[in-house]
Structure formats: C-alpha cells, structure tokens
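Following: one structure in structure tokens, then a few remarks.
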Amino acid sequence: MSVPEPVGATDEQQPLVSAVSRFTVLTVNTHKGFTALNRRFILPELREAVRSVSADVVFLQEVHGTHEHHPRRYLNWPAMPQYEFLADTLWPQFAYGRNAVYPAGDHGNALLSKFQIIRHDNLDVSISGHESRGILHCVLRMPGDGREVHAICVHLGLRESHRKAQLKLLIQRMEELPEDAPVVVAGDFNDWRLRADAQLKPCGLHEVFAQLYGKPARSFPARWPALRLDRIYVRNLKASHQQVLAARPWSHLSDHAPLSVEIEL
C-alpha cells in the first residue's frame with residue numbers, strides 16, 4: 001500500500017508508513033452469494049459479516065464476475081461484480097480469476113486486499129471435460145518496508161484424482177518462487193480424505209489448524225461442520241489465533257464455514 005509522493009516534496013516532507021508485522025487472513029467459499037441449496041440470495045448479509053472480521057486479506061471462492069439473468073430475478077443483485085461489491089470501501093485492492101464460463105456469466109476465485117496487489121495471474125487447473133477450477137496467485141507489497149507476500153487462492157475439484165493433479169500444479173508454482181518467499185495458500189481444497197498435507201509438506205507448506213490441533217479444521221457443512229474441506233497453508237510465516245467461523249450469522253450465509261488466522265511476518 002504505497003503512499004503517493006507529493007509533487008516537489010523533500011525527503012523530510014515524505015509521509016511515513018509503518019511496516020506491517022502482522023495481518024489477518026480470511027477464507028470463505030461464498031457459494032455465489034446464495035445460502036445452502038440456493039434457497040435465498042444473501043450476498044449483502046455476507047458482505048456485512050465479512051466486513052465484521054476486519055481481515056486484511058480475504059480469499060474468496062465461487063464468486064460471480066457476471067451473470068446475465070440473476071439481476072432481473074433478484075432485486076438486491078449488485079450492479080458490479082460480486083468481488084467488487086464485497087470489497088466495497090474496505091479493501092481498495094482486488095483481483096479476480098475467472099474459472100467457469102457459461103452462456104449466462106462466469107464465476108471463479110477472488111482476492112480482496114488492504115495491501116497493494118502488484119501483480120496477479122490465474123492458473124487454469126481444470127481437468128479436460130470436467131469442472132472448471134483455478135488457482136489465483138497474487139503478489140502483495142507490504143506497507144513500509146515493501147516486502148512481498150505471495151497470496152494464492154485455491155478451489156480444487158471434487159474428484160480425488162483431479163485434486164492430486166491440481167496439487168501437482170500448485171507445487172510446480174511453489175517451486176518457481178524463491179525459497180525464502182513468504183506464502184499464504186488458502187481456499188476450498190475439497191480434500192475430505194485428508195491427502196493434501198502429505199503432498200504439500202515437501203514444498204514447505206504447513207496447514208495452520210493442523211499445526212495447532214493436529215488436523216485441519218472442520219468446515220463443511222457450515223451448520224454442522226464435519227468435513228475438513230477448507231484450508232490455510234503458510235510457508236516462511238507464523239500463524240496464530242486460528243478460528244472457524246461456524247456460529248451465526250456465518251452458519252446461514254454459506255455452505256462452508258469460513259476460516260481466519262493471524263499471520264506474523
């Protein structure tokens with residue numbers, strides 16, 4: 001989050017920005033703004049709940065970019081992409097990775113950030129002929145000292161063979177990064193058989209709930225979490241204050257319970 005330099009300012013007149021040593025991460029599968037079983041459109045309520053957490057970086061899965069028919073059916077459908085509506089005025093930076101495209105519109109992953117997103121790209125990890133999936137990779141510039149943090153938003157497939165192949169692509173991306181680069185990987189892994197950790201540990205990724213409790217958090221279904229589908233992994237970072245947001249209002253806002261954690265650089 002850089003501060004513009006005033007024209008003609010001297011070094012003594014430059015505004016100072018304190019370096020950030022901690023920040024909060026939230027990951028949530030938005031279910032395209034609908035409650036479980038698509039009974040009700042609740043994106044405005046979801047926005048208020050997301051804002052209440054005051055996370056610095058928000059990882060979103062299943063968020064609409066566009067939809068042709070829904071604005072005519074739902075009076076409270078936003079006039080902008082869902083990720084921009086969720087960002088509102090709290091997260092000035094956002095990026096979107098379009099994964100699924102169909103005649104009526106598209107949806108994918110998004111990242112909302114209070115810090116500058118200096119670059120981003122969307123890695124297509126879809127398996128031919130099956131679900132459209134992607135990995136959104138953003139690079140954040142931290143205030144003050146300008147350190148870069150890699151934030152990778154993930155939504156993997158429902159079939160285990162697909163997830164295994166998609167995790168290999170994620171590992172390839174990790175291997176392209178400097179070994180000392182701080183990395184946060186978060187999202188919906190659909191890994192109900194708990195196979196991802198074994199694949200990801202060799203590249204230095206550690207799941208923050210498993211570090212504290214021995215296993216990833218139960219996050220699905222949101223009202224009675226039983227399956228450990230959602231994850232937050234870190235590399236070269238410390239994690240604390242892990243939380244599963246399964247109580248009201250969260251339990252009625254998506255089919256997944258969001259996860260949050262505090263990250264220390």
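Labels for the structure tokens follow display order: chains A, B, ..., residues from 1 in each chain, ligands from 1.
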Contacts of Leu229 of chain A at 10 Å (only C-alpha atoms; same-chain gap of 4+ positions) as an NGL selection string: :A and (156 or 187-194 or 216-221 or 225 or 256-257)
With C-alpha atoms kept, could you save the residues just selected as a JSON list (two decimals), in the first residue's frame?
[["chain", "number", "residue", "atom", "x", "y", "z"],
["A", 156, "LEU", "CA", -9.85, -27.75, -6.17],
["A", 187, "GLY", "CA", -9.29, -21.81, -0.05],
["A", 188, "ASP", "CA", -11.57, -24.76, -0.67],
["A", 189, "PHE", "CA", -9.46, -27.87, -1.17],
["A", 190, "ASN", "CA", -12.39, -30.35, -1.17],
["A", 191, "ASP", "CA", -9.91, -32.71, 0.47],
["A", 192, "TRP", "CA", -12.27, -34.72, 2.65],
["A", 193, "ARG", "CA", -9.86, -37.70, 2.65],
["A", 194, "LEU", "CA", -7.04, -35.53, 4.08],
["A", 216, "PRO", "CA", -7.27, -29.27, 9.52],
["A", 217, "ALA", "CA", -10.45, -27.59, 10.75],
["A", 218, "ARG", "CA", -13.95, -28.98, 10.20],
["A", 219, "SER", "CA", -15.68, -26.52, 7.89],
["A", 220, "PHE", "CA", -18.43, -28.31, 5.94],
["A", 221, "PRO", "CA", -21.40, -28.19, 6.06],
["A", 225, "PRO", "CA", -19.19, -28.89, 10.32],
["A", 256, "HIS", "CA", -18.84, -23.63, 4.12],
["A", 257, "ALA", "CA", -17.73, -22.17, 7.46]]
Picked from segment 114-215 of chain A by DSSP as strand (DSSP E or B), as a PyMOL selection string: chain A and resi 116-124+134-141+148-155+183-188+206-207
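Across the model, the gap from atom CA of His64 of chain A to atom CA of Pro249 of chain A is 21.4 Å.
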Contact residues around Ala104 of chain A with only C-alpha atoms at 6 Å, ignoring same-chain residues under 2 positions, as a list of chain:residue names: A:His67, A:Glu68, A:Tyr102
Could those residues be written to a file, using C-alpha atoms, as a PDB file, in the first residue's frame?
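Below is the file that was written, again-v1.pdb:
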ATOM      1  CA  HIS A  67     -24.435 -13.119 -14.576  1.00  0.00           C
ATOM      2  CA  GLU A  68     -26.978 -12.124 -17.192  1.00  0.00           C
ATOM      3  CA  TYR A 102     -21.104 -20.281 -19.342  1.00  0.00           C
TER       4      TYR A 102
END
For Asn236 of chain A, please output as a PDB file with C-alpha atoms, in the first residue's frame all residues within 7 Å (counting only C-alpha atoms; exclusion window: fewer than 2 positions along the same chain).
ATOM      1  CA  ASP A 180      12.547 -17.674   1.392  1.00  0.00           C
ATOM      2  CA  ALA A 181       9.403 -16.043  -0.067  1.00  0.00           C
ATOM      3  CA  PRO A 182       6.505 -15.668   2.416  1.00  0.00           C
ATOM      4  CA  VAL A 183       3.480 -17.552   1.072  1.00  0.00           C
ATOM      5  CA  VAL A 234       1.721 -20.947   5.122  1.00  0.00           C
TER       6      VAL A 234
END
Segment 38-252 of chain A: residues DSSP assigns to alpha helix (DSSP H), reported as a ChimeraX atom specification: /A:43-53,70-73,82-87,160-175,196-200,208-213
For Leu37 of chain A, the nearest of the candidates A:Ser18, A:Ser254, A:Pro103, A:Gly129, counting only C-alpha atoms: A:Ser254
Selection: 9 Å around segment 162-172 of chain A, only C-alpha atoms, excl. self and same-chain fewer than 2 positions, as a PyMOL selection string: chain A and resi 123+125-127+133-135+154+156-160+174-176+189-191+195-196+199-200+203
Hey, can you spit out that residue selection with N, CA and C atoms as a PDB file, in the first residue's frame?
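Now in selection-v2.pdb:
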ATOM      1  N   LEU A 123      -4.049 -19.409 -12.685  1.00  0.00           N
ATOM      2  CA  LEU A 123      -3.574 -20.667 -13.247  1.00  0.00           C
ATOM      3  C   LEU A 123      -4.761 -21.600 -13.450  1.00  0.00           C
ATOM      4  N   VAL A 125      -6.362 -24.917 -13.680  1.00  0.00           N
ATOM      5  CA  VAL A 125      -6.036 -26.282 -13.268  1.00  0.00           C
ATOM      6  C   VAL A 125      -7.206 -27.222 -13.568  1.00  0.00           C
ATOM      7  N   SER A 126      -8.062 -26.819 -14.493  1.00  0.00           N
ATOM      8  CA  SER A 126      -9.207 -27.647 -14.866  1.00  0.00           C
ATOM      9  C   SER A 126      -8.731 -28.934 -15.529  1.00  0.00           C
ATOM     10  N   ILE A 127      -9.434 -30.011 -15.239  1.00  0.00           N
ATOM     11  CA  ILE A 127      -9.198 -31.275 -15.918  1.00  0.00           C
ATOM     12  C   ILE A 127     -10.151 -31.340 -17.103  1.00  0.00           C
ATOM     13  N   ARG A 133     -11.693 -25.237 -12.751  1.00  0.00           N
ATOM     14  CA  ARG A 133     -11.049 -24.863 -11.492  1.00  0.00           C
ATOM     15  C   ARG A 133      -9.834 -23.986 -11.769  1.00  0.00           C
ATOM     16  N   GLY A 134      -9.455 -23.176 -10.768  1.00  0.00           N
ATOM     17  CA  GLY A 134      -8.308 -22.301 -10.950  1.00  0.00           C
ATOM     18  C   GLY A 134      -7.584 -22.011  -9.660  1.00  0.00           C
ATOM     19  N   ILE A 135      -6.368 -21.521  -9.800  1.00  0.00           N
ATOM     20  CA  ILE A 135      -5.541 -21.083  -8.672  1.00  0.00           C
ATOM     21  C   ILE A 135      -5.137 -19.637  -8.961  1.00  0.00           C
ATOM     22  N   VAL A 154      -7.209 -20.895  -3.750  1.00  0.00           N
ATOM     23  CA  VAL A 154      -7.344 -22.216  -4.347  1.00  0.00           C
ATOM     24  C   VAL A 154      -8.786 -22.706  -4.274  1.00  0.00           C
ATOM     25  N   LEU A 156     -10.176 -26.503  -5.497  1.00  0.00           N
ATOM     26  CA  LEU A 156      -9.848 -27.749  -6.170  1.00  0.00           C
ATOM     27  C   LEU A 156     -11.099 -28.566  -6.475  1.00  0.00           C
ATOM     28  N   GLY A 157     -10.929 -29.601  -7.286  1.00  0.00           N
ATOM     29  CA  GLY A 157     -12.039 -30.392  -7.784  1.00  0.00           C
ATOM     30  C   GLY A 157     -12.622 -31.360  -6.769  1.00  0.00           C
ATOM     31  N   LEU A 158     -13.725 -31.959  -7.151  1.00  0.00           N
ATOM     32  CA  LEU A 158     -14.434 -32.885  -6.271  1.00  0.00           C
ATOM     33  C   LEU A 158     -13.871 -34.303  -6.336  1.00  0.00           C
ATOM     34  N   ARG A 159     -13.203 -34.653  -7.429  1.00  0.00           N
ATOM     35  CA  ARG A 159     -12.644 -35.988  -7.565  1.00  0.00           C
ATOM     36  C   ARG A 159     -11.203 -36.016  -7.059  1.00  0.00           C
ATOM     37  N   GLU A 160     -10.871 -37.087  -6.336  1.00  0.00           N
ATOM     38  CA  GLU A 160      -9.538 -37.165  -5.741  1.00  0.00           C
ATOM     39  C   GLU A 160      -8.440 -37.175  -6.803  1.00  0.00           C
ATOM     40  N   MET A 174       4.793 -23.322  -6.583  1.00  0.00           N
ATOM     41  CA  MET A 174       5.588 -23.067  -5.381  1.00  0.00           C
ATOM     42  C   MET A 174       7.084 -23.203  -5.675  1.00  0.00           C
ATOM     43  N   GLU A 175       7.449 -24.164  -6.495  1.00  0.00           N
ATOM     44  CA  GLU A 175       8.859 -24.388  -6.812  1.00  0.00           C
ATOM     45  C   GLU A 175       9.445 -23.255  -7.643  1.00  0.00           C
ATOM     46  N   GLU A 176       8.594 -22.473  -8.284  1.00  0.00           N
ATOM     47  CA  GLU A 176       9.055 -21.331  -9.073  1.00  0.00           C
ATOM     48  C   GLU A 176       9.355 -20.112  -8.198  1.00  0.00           C
ATOM     49  N   PHE A 189     -10.260 -26.791  -0.608  1.00  0.00           N
ATOM     50  CA  PHE A 189      -9.463 -27.873  -1.174  1.00  0.00           C
ATOM     51  C   PHE A 189     -10.299 -29.118  -1.475  1.00  0.00           C
ATOM     52  N   ASN A 190     -11.525 -29.177  -0.967  1.00  0.00           N
ATOM     53  CA  ASN A 190     -12.394 -30.351  -1.169  1.00  0.00           C
ATOM     54  C   ASN A 190     -11.690 -31.655  -0.785  1.00  0.00           C
ATOM     55  N   ASP A 191     -10.767 -31.569   0.133  1.00  0.00           N
ATOM     56  CA  ASP A 191      -9.909 -32.710   0.474  1.00  0.00           C
ATOM     57  C   ASP A 191     -10.466 -33.450   1.687  1.00  0.00           C
ATOM     58  N   ARG A 195      -5.666 -35.889   2.112  1.00  0.00           N
ATOM     59  CA  ARG A 195      -4.474 -36.322   1.376  1.00  0.00           C
ATOM     60  C   ARG A 195      -3.551 -35.155   1.012  1.00  0.00           C
ATOM     61  N   ALA A 196      -4.045 -33.934   1.070  1.00  0.00           N
ATOM     62  CA  ALA A 196      -3.269 -32.792   0.558  1.00  0.00           C
ATOM     63  C   ALA A 196      -2.013 -32.516   1.370  1.00  0.00           C
ATOM     64  N   GLN A 199       1.124 -34.227   0.285  1.00  0.00           N
ATOM     65  CA  GLN A 199       1.654 -33.710  -0.976  1.00  0.00           C
ATOM     66  C   GLN A 199       2.348 -32.366  -0.812  1.00  0.00           C
ATOM     67  N   LEU A 200       1.820 -31.535   0.088  1.00  0.00           N
ATOM     68  CA  LEU A 200       2.282 -30.150   0.163  1.00  0.00           C
ATOM     69  C   LEU A 200       3.433 -29.924   1.144  1.00  0.00           C
ATOM     70  N   CYS A 203       7.111 -29.212  -0.085  1.00  0.00           N
ATOM     71  CA  CYS A 203       7.452 -27.894  -0.635  1.00  0.00           C
ATOM     72  C   CYS A 203       7.359 -26.799   0.430  1.00  0.00           C
TER      73      CYS A 203
END
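Between Gly144 of chain A and the residues A:Asp230, A:Leu46, A:Trp77, A:Phe115, the shortest atom-to-atom distance, using only C-alpha atoms, involves A:Phe115.
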Residue neighbourhood Ala239 of chain A, 8 Å, only C-alpha atoms, exclusion window fewer than 2 positions, as a VMD selection string: chain A and resid 208 234 237 241 to 242 261 to 264
Close residues, segment 25-36 of chain A itself excluded, 7 Å, only C-alpha atoms, min 5 positions apart in chain, as a ChimeraX atom specification: /A:41-43,55-64,186-188,252-256,258-262
Give me a file of those residues, with C-alpha atoms, as an mmCIF file, in the first residue's frame.
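Wrote out_0.cif, looks like this:
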data_model
loop_
_atom_site.group_PDB
_atom_site.id
_atom_site.type_symbol
_atom_site.label_atom_id
_atom_site.label_comp_id
_atom_site.auth_asym_id
_atom_site.auth_seq_id
_atom_site.Cartn_x
_atom_site.Cartn_y
_atom_site.Cartn_z
ATOM 1 C CA PHE A 41 -29.661 -14.682 -2.197
ATOM 2 C CA ILE A 42 -27.764 -13.298 0.805
ATOM 3 C CA LEU A 43 -24.680 -11.548 -0.609
ATOM 4 C CA ALA A 55 -9.390 -9.133 7.804
ATOM 5 C CA ASP A 56 -6.559 -7.573 5.841
ATOM 6 C CA VAL A 57 -6.641 -10.178 3.071
ATOM 7 C CA VAL A 58 -9.762 -12.140 2.053
ATOM 8 C CA PHE A 59 -9.637 -15.269 -0.111
ATOM 9 C CA LEU A 60 -12.924 -15.916 -1.945
ATOM 10 C CA GLN A 61 -14.076 -18.970 -3.849
ATOM 11 C CA GLU A 62 -17.192 -19.389 -6.011
ATOM 12 C CA VAL A 63 -17.736 -15.693 -6.565
ATOM 13 C CA HIS A 64 -19.582 -14.345 -9.609
ATOM 14 C CA ALA A 186 -5.960 -20.639 1.257
ATOM 15 C CA GLY A 187 -9.292 -21.815 -0.047
ATOM 16 C CA ASP A 188 -11.574 -24.756 -0.667
ATOM 17 C CA HIS A 252 -26.604 -19.344 7.498
ATOM 18 C CA LEU A 253 -24.529 -17.440 4.942
ATOM 19 C CA SER A 254 -22.781 -20.232 3.020
ATOM 20 C CA ASP A 255 -22.461 -23.992 2.930
ATOM 21 C CA HIS A 256 -18.836 -23.629 4.121
ATOM 22 C CA PRO A 258 -15.053 -19.503 6.879
ATOM 23 C CA LEU A 259 -11.592 -19.786 8.433
ATOM 24 C CA SER A 260 -9.471 -16.966 9.796
ATOM 25 C CA VAL A 261 -5.921 -16.728 11.122
ATOM 26 C CA GLU A 262 -3.418 -14.074 12.149
#
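Take atom CA of Asn38 of chain A and atom CA of His107 of chain A: the distance between them is 15.4 Å.
Each of A:Gly204, A:Gly105, A:Pro71, A:Pro81 was checked against Glu179 of chain A using only C-alpha atoms; the smallest atom-to-atom distance is that of A:Gly204.
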One-decimal distance in Å that lies between atom CA of Arg51 of chain A and atom CA of Arg228 of chain A: 24.4 Å
